[in-house]
Amino acid sequence: MRYPVKSLAAIGSVVASVLAVGSSSTAQASTAQTTQTASAATYNYAPRPLKVHQTLTVSIPNLQMQNSPVALANYFHEFAKENLTVNVVVLPNPNSLTPLATGGTAIGLESWGPNIYNAISTGQKIAVVGNVFSTLKGYGVYVQSQYAACAPACLQGKTIAMGGGLSTSGVIPVQAWLGKAHLNLSDVHILNIPVISNIPIAMSQGIAQAGLLVPPFQKPLLAAGTVKLAYAVPAADPLNCFAIGPAGFSHPQAVEAFLRAIARTEKTYLRPGFLHKTKVFNAMVSVLQEPASAVAATDEPGFDPTLSLAGYAPKVTVQQRTWLSVGGLLSYSTPLPASRVIDPKFLNAALGTK
C-alpha cells in the first residue's frame, strides 16, 4: 500500500555551498586518552599522523549545530594533526548520496533514510562507519495547541509536516508516536517540506496540524503558544551517521584519521556546557555562520566522543520494516542485515589502542 503523501516543493529552495577549509600542516601527537567505564573499553584519541598527507572531501547536510563537529575539527586544526586535509561540501540529503556513491566525496554525513539502504542493496560500496551526535534536545513531534490534549488519536486524517517526508529517518519516531493511539502512517497525511525551516510556516498557516521539528525551529512557535510538544524523539533513535563510499574504502587510513579527529573534537570541545566556554562559543559562531545571539539561543546537542553505533543494529531492521510497510520507498522486499549496513572496523581502528 502506498501511503498518502503531499508535496510542498514551492516552499523554500535547497542551496549547496562549499567551505574551503583544511590544512596540510602536522602537529605533535597528544596523549589524550579516556576510559569508558561502562564498557571497560579504552579509547585512544591521540593523533597518529598519516605517513603521506591525504585530502578527503566530506559532505554535510547543513550548518546546524548537531552537524558542526566536521567544521569544528577544521577550525581547531584537528585534521591537520592527523596530516589530513578535509574539504567540506554542504549537500542536503539525499542529494549527497550520488557523489558519495560515485567517488565525488569520500565521506558523507547522511540521514538513515531509504536512499542509503537502497544504494547498499544494489551492491554499491557504501557503509555506515560512525555516529555523529547522540541527543538532540527539543527534537520531536509538535502539534497545534488545540490538539495537544487529544493527540495523537485526534490526528487521524490530519496532516503532519516533515522535512523529506516519508523518505527520512523521521518516520520511525512519528510511527512510534502514532502507535500510541493504534494509528499508522496510513492514517495521516504526510506533508513533505524540503526545507525544514519552513515547517513552522506550514503549521502556523494551518497547512499542517502537526510537524516533526528540529531545534531551534520549534522555539518561535512555542513562544507564541501556538504549538505543544507531543512526542520527544528518544535519544537512541538513529538520525544522522557518517557513511563512506568507494573513495573512503580506497583510503582506509585517511577515514580512520578523519574519525579520530572528529572523536577528539567532540571529546575536547563538545562536552556538556560547551556553549558556556568562550573559545568554543566563538568557534560555533564562526563555523555555523550565525549571529552570536542565534547560537546562544540554541540548545546544546549531546555528543558521544566514541561515535559509537552500539545498539543500532536492531534499529536498522525496524527502520527497513517501517519503510517496507509504507511501500514504494525501498527497492527490495527483505530487510538487509545490519552487517551489510554498518562497518565497525574503521572506528575500531581509529580509536583502538594499537
# chains A, B, ... in the order shown; residues from 1 in each chain; ligands from 1
$ closest_atom_pairs --of "segment 174-214 of chain A" --to "segment 118-138 of chain A" --cutoff "12 Å" --atoms "only C-alpha atoms" --output "JSON lines"
{"residue": "A:Leu212", "atom": "CA", "partner": "A:Gly138", "partner_atom": "CA", "distance": 10.3}
{"residue": "A:Leu213", "atom": "CA", "partner": "A:Gly138", "partner_atom": "CA", "distance": 7.9}
{"residue": "A:Val214", "atom": "CA", "partner": "A:Gly138", "partner_atom": "CA", "distance": 6.9}
$ write_last_selection --atoms "C-alpha atoms" --output "PDB file, in the first residue's frame"
ATOM      1  CA  LEU A 212       8.393  16.904  13.172  1.00  0.00           C
ATOM      2  CA  LEU A 213      10.584  19.816  14.252  1.00  0.00           C
ATOM      3  CA  VAL A 214      14.332  20.020  14.683  1.00  0.00           C
TER       4      VAL A 214
END
$ residues_around --residues "segment 273-281 of chain A" --least-positions-apart "2" --cutoff "10 Å" --atoms "only C-alpha atoms" --output "list in words"
Leu72, Phe76, Glu266, Thr268, Tyr269, Leu270, Arg271, Ala283, Met284, Val285, Ser286, Ala292, Val295, Ala296, Ala297, Thr298, Asp299, Glu300, Pro301 and Gly302 of chain A
$ closest_atom_pairs --of "segment 139-206 of chain A" --to "segment 240-264 of chain A" --cutoff "12 Å" --atoms "only C-alpha atoms" --output "JSON lines"
{"residue": "A:Thr168", "atom": "CA", "partner": "A:Asn240", "partner_atom": "CA", "distance": 10.1}
{"residue": "A:Ser169", "atom": "CA", "partner": "A:Asn240", "partner_atom": "CA", "distance": 8.4}
{"residue": "A:Gly170", "atom": "CA", "partner": "A:Asn240", "partner_atom": "CA", "distance": 10.6}
$ write_last_selection --atoms "C-alpha atoms" --output "PDB file, in the first residue's frame"
ATOM      1  CA  THR A 168      13.686  10.164   6.112  1.00  0.00           C
ATOM      2  CA  SER A 169      14.539   8.566   9.436  1.00  0.00           C
ATOM      3  CA  GLY A 170      11.855  10.771  10.974  1.00  0.00           C
TER       4      GLY A 170
END
$ atom_distance --atom1 "atom CA of Pro272 of chain A" --atom2 "atom CA of Pro69 of chain A"
14.1 Å
$ select_by_dssp --residues "segment 47-252 of chain A" --states "alpha helix (DSSP H)" --output "number ranges by chain"
A: 69-75, 97-102, 114-121, 171-179, 199-204, 219-224, 246-249, 252
$ write_last_selection --atoms "N, CA and C atoms" --output "compact mmCIF listing (two decimals), in the first residue's frame"
# COMPACT_ATOMS: atom_id res chain seq x y z
N PRO A 69 30.62 19.10 14.22
CA PRO A 69 31.96 18.57 14.53
C PRO A 69 32.95 18.57 13.37
N VAL A 70 32.46 18.38 12.13
CA VAL A 70 33.39 18.38 10.99
C VAL A 70 34.02 19.75 10.81
N ALA A 71 33.19 20.79 10.78
CA ALA A 71 33.72 22.15 10.62
C ALA A 71 34.56 22.56 11.83
N LEU A 72 34.15 22.13 13.03
CA LEU A 72 34.93 22.46 14.23
C LEU A 72 36.29 21.80 14.22
N ALA A 73 36.35 20.57 13.72
CA ALA A 73 37.64 19.87 13.64
C ALA A 73 38.60 20.62 12.74
N ASN A 74 38.08 21.21 11.68
CA ASN A 74 38.91 22.06 10.83
C ASN A 74 39.30 23.34 11.56
N TYR A 75 38.35 23.95 12.21
CA TYR A 75 38.59 25.21 12.92
C TYR A 75 39.69 25.06 13.96
N LEU A 97 24.07 11.59 -1.70
CA LEU A 97 24.36 10.16 -1.85
C LEU A 97 25.00 9.85 -3.19
N THR A 98 24.60 10.54 -4.25
CA THR A 98 25.19 10.27 -5.57
C THR A 98 26.69 10.55 -5.60
N PRO A 99 27.17 11.73 -5.14
CA PRO A 99 28.62 11.92 -5.12
C PRO A 99 29.34 10.96 -4.18
N LEU A 100 28.68 10.53 -3.11
CA LEU A 100 29.30 9.55 -2.22
C LEU A 100 29.47 8.22 -2.95
N ALA A 101 28.46 7.80 -3.69
CA ALA A 101 28.50 6.51 -4.38
C ALA A 101 29.44 6.52 -5.57
N THR A 102 29.65 7.69 -6.17
CA THR A 102 30.47 7.77 -7.38
C THR A 102 31.89 8.26 -7.12
N PRO A 114 15.84 5.75 3.39
CA PRO A 114 15.77 4.63 2.44
C PRO A 114 16.78 4.71 1.32
N ASN A 115 17.22 5.92 0.97
CA ASN A 115 18.17 6.04 -0.13
C ASN A 115 19.48 5.30 0.15
N ILE A 116 19.95 5.40 1.39
CA ILE A 116 21.22 4.74 1.72
C ILE A 116 21.05 3.23 1.74
N TYR A 117 19.88 2.76 2.19
CA TYR A 117 19.62 1.31 2.17
C TYR A 117 19.49 0.80 0.74
N ASN A 118 18.79 1.55 -0.10
CA ASN A 118 18.64 1.13 -1.50
C ASN A 118 19.99 1.04 -2.19
N ALA A 119 20.85 2.02 -1.93
CA ALA A 119 22.18 2.01 -2.56
C ALA A 119 22.97 0.77 -2.13
N ILE A 120 22.94 0.47 -0.84
CA ILE A 120 23.67 -0.70 -0.34
C ILE A 120 23.08 -1.98 -0.90
N SER A 121 21.75 -2.03 -1.03
CA SER A 121 21.09 -3.25 -1.51
C SER A 121 21.47 -3.59 -2.94
N VAL A 171 10.40 9.06 10.03
CA VAL A 171 9.19 8.24 10.04
C VAL A 171 9.17 7.30 11.23
N ILE A 172 10.32 6.95 11.77
CA ILE A 172 10.38 5.99 12.87
C ILE A 172 9.76 6.59 14.14
N PRO A 173 10.21 7.78 14.60
CA PRO A 173 9.55 8.35 15.77
C PRO A 173 8.10 8.74 15.52
N VAL A 174 7.77 9.19 14.31
CA VAL A 174 6.38 9.54 14.02
C VAL A 174 5.49 8.31 14.12
N GLN A 175 5.95 7.19 13.57
CA GLN A 175 5.17 5.96 13.67
C GLN A 175 5.07 5.50 15.12
N ALA A 176 6.15 5.64 15.89
CA ALA A 176 6.10 5.25 17.30
C ALA A 176 5.07 6.08 18.06
N TRP A 177 5.01 7.37 17.74
CA TRP A 177 4.05 8.25 18.39
C TRP A 177 2.62 7.90 17.99
N LEU A 178 2.39 7.71 16.70
CA LEU A 178 1.05 7.37 16.22
C LEU A 178 0.59 6.04 16.82
N GLY A 179 1.55 5.12 16.99
CA GLY A 179 1.21 3.81 17.52
C GLY A 179 0.62 3.85 18.92
N ILE A 199 8.85 24.27 8.04
CA ILE A 199 7.80 23.50 8.71
C ILE A 199 6.99 24.38 9.65
N PRO A 200 7.61 25.26 10.45
CA PRO A 200 6.80 26.15 11.30
C PRO A 200 5.82 27.01 10.50
N ILE A 201 6.20 27.40 9.29
CA ILE A 201 5.31 28.21 8.45
C ILE A 201 4.06 27.40 8.11
N ALA A 202 4.29 26.14 7.72
CA ALA A 202 3.15 25.28 7.37
C ALA A 202 2.23 25.09 8.57
N MET A 203 2.80 24.99 9.77
CA MET A 203 1.98 24.80 10.97
C MET A 203 1.26 26.08 11.35
N SER A 204 1.94 27.19 11.29
CA SER A 204 1.31 28.46 11.70
C SER A 204 0.22 28.89 10.73
N LYS A 219 11.13 26.90 18.53
CA LYS A 219 11.10 27.91 19.59
C LYS A 219 10.14 29.07 19.34
N PRO A 220 10.10 29.65 18.12
CA PRO A 220 9.14 30.75 17.91
C PRO A 220 7.70 30.31 18.12
N LEU A 221 7.37 29.10 17.70
CA LEU A 221 6.00 28.61 17.85
C LEU A 221 5.68 28.36 19.32
N LEU A 222 6.64 27.83 20.06
CA LEU A 222 6.43 27.61 21.49
C LEU A 222 6.25 28.95 22.21
N ALA A 223 7.08 29.91 21.83
CA ALA A 223 6.98 31.23 22.47
C ALA A 223 5.63 31.89 22.20
N ALA A 224 5.08 31.63 21.02
CA ALA A 224 3.79 32.21 20.66
C ALA A 224 2.62 31.42 21.26
N PRO A 246 33.08 4.52 -2.14
CA PRO A 246 34.27 3.91 -2.73
C PRO A 246 35.56 4.68 -2.46
N ALA A 247 35.49 6.02 -2.50
CA ALA A 247 36.70 6.82 -2.24
C ALA A 247 37.18 6.65 -0.81
N GLY A 248 36.25 6.45 0.11
CA GLY A 248 36.62 6.20 1.50
C GLY A 248 37.23 4.83 1.68
N PHE A 249 36.62 3.84 1.07
CA PHE A 249 37.16 2.48 1.15
C PHE A 249 38.56 2.40 0.54
N PRO A 252 41.50 3.84 3.53
CA PRO A 252 41.04 3.48 4.88
C PRO A 252 41.75 4.21 6.00
$ select_by_dssp --residues "segment 62-214 of chain A" --states "strand (DSSP E or B)" --output "ChimeraX atom specification"
/A:84-90,107-111,127-131,135,140-144,159-162,189-192,210-213
$ closest_atom_pairs --of "segment 113-168 of chain A" --to "segment 187-197 of chain A" --cutoff "6 Å" --atoms "only C-alpha atoms" --output "tab-separated table"
residue	atom	partner	partner_atom	distance
A:Gln156	CA	A:Asp187	CA	5.4
A:Gly157	CA	A:Val188	CA	4.7
A:Lys158	CA	A:Val188	CA	5.4
A:Thr159	CA	A:His189	CA	4.6
A:Ile160	CA	A:Ile190	CA	5.1
A:Ala161	CA	A:Leu191	CA	4.5
A:Met162	CA	A:Asn192	CA	5.5
A:Gly163	CA	A:Ile193	CA	4.8
A:Gly164	CA	A:Asn192	CA	5.3
A:Gly165	CA	A:Asn192	CA	4.1
$ residues_around --residues "Leu63 of chain A" --least-positions-apart "3" --cutoff "8 Å" --atoms "only C-alpha atoms" --output "list in words"
Ile60, Asn67, Ser68, Val90, Val287, Leu288 and Gln289 of chain A
$ residues_around --residues "Gly352 of chain A" --least-positions-apart "2" --cutoff "9 Å" --atoms "only C-alpha atoms" --output "count of residues only"
9
$ closest_residue --among "A:Pro49, A:Pro314, A:Pro335, A:Pro61" --to "Pro92 of chain A" --atoms "only C-alpha atoms"
A:Pro61
$ atom_distance --atom1 "atom CA of Ile342 of chain A" --atom2 "atom CA of Gly103 of chain A"
19.0 Å
$ closest_residue --among "A:Ser339, A:Ser186, A:Asn282, A:Ser59" --to "Gly327 of chain A" --atoms "only C-alpha atoms"
A:Ser186
$ atom_distance --atom1 "atom CA of Thr334 of chain A" --atom2 "atom CA of Gln320 of chain A"
8.5 Å
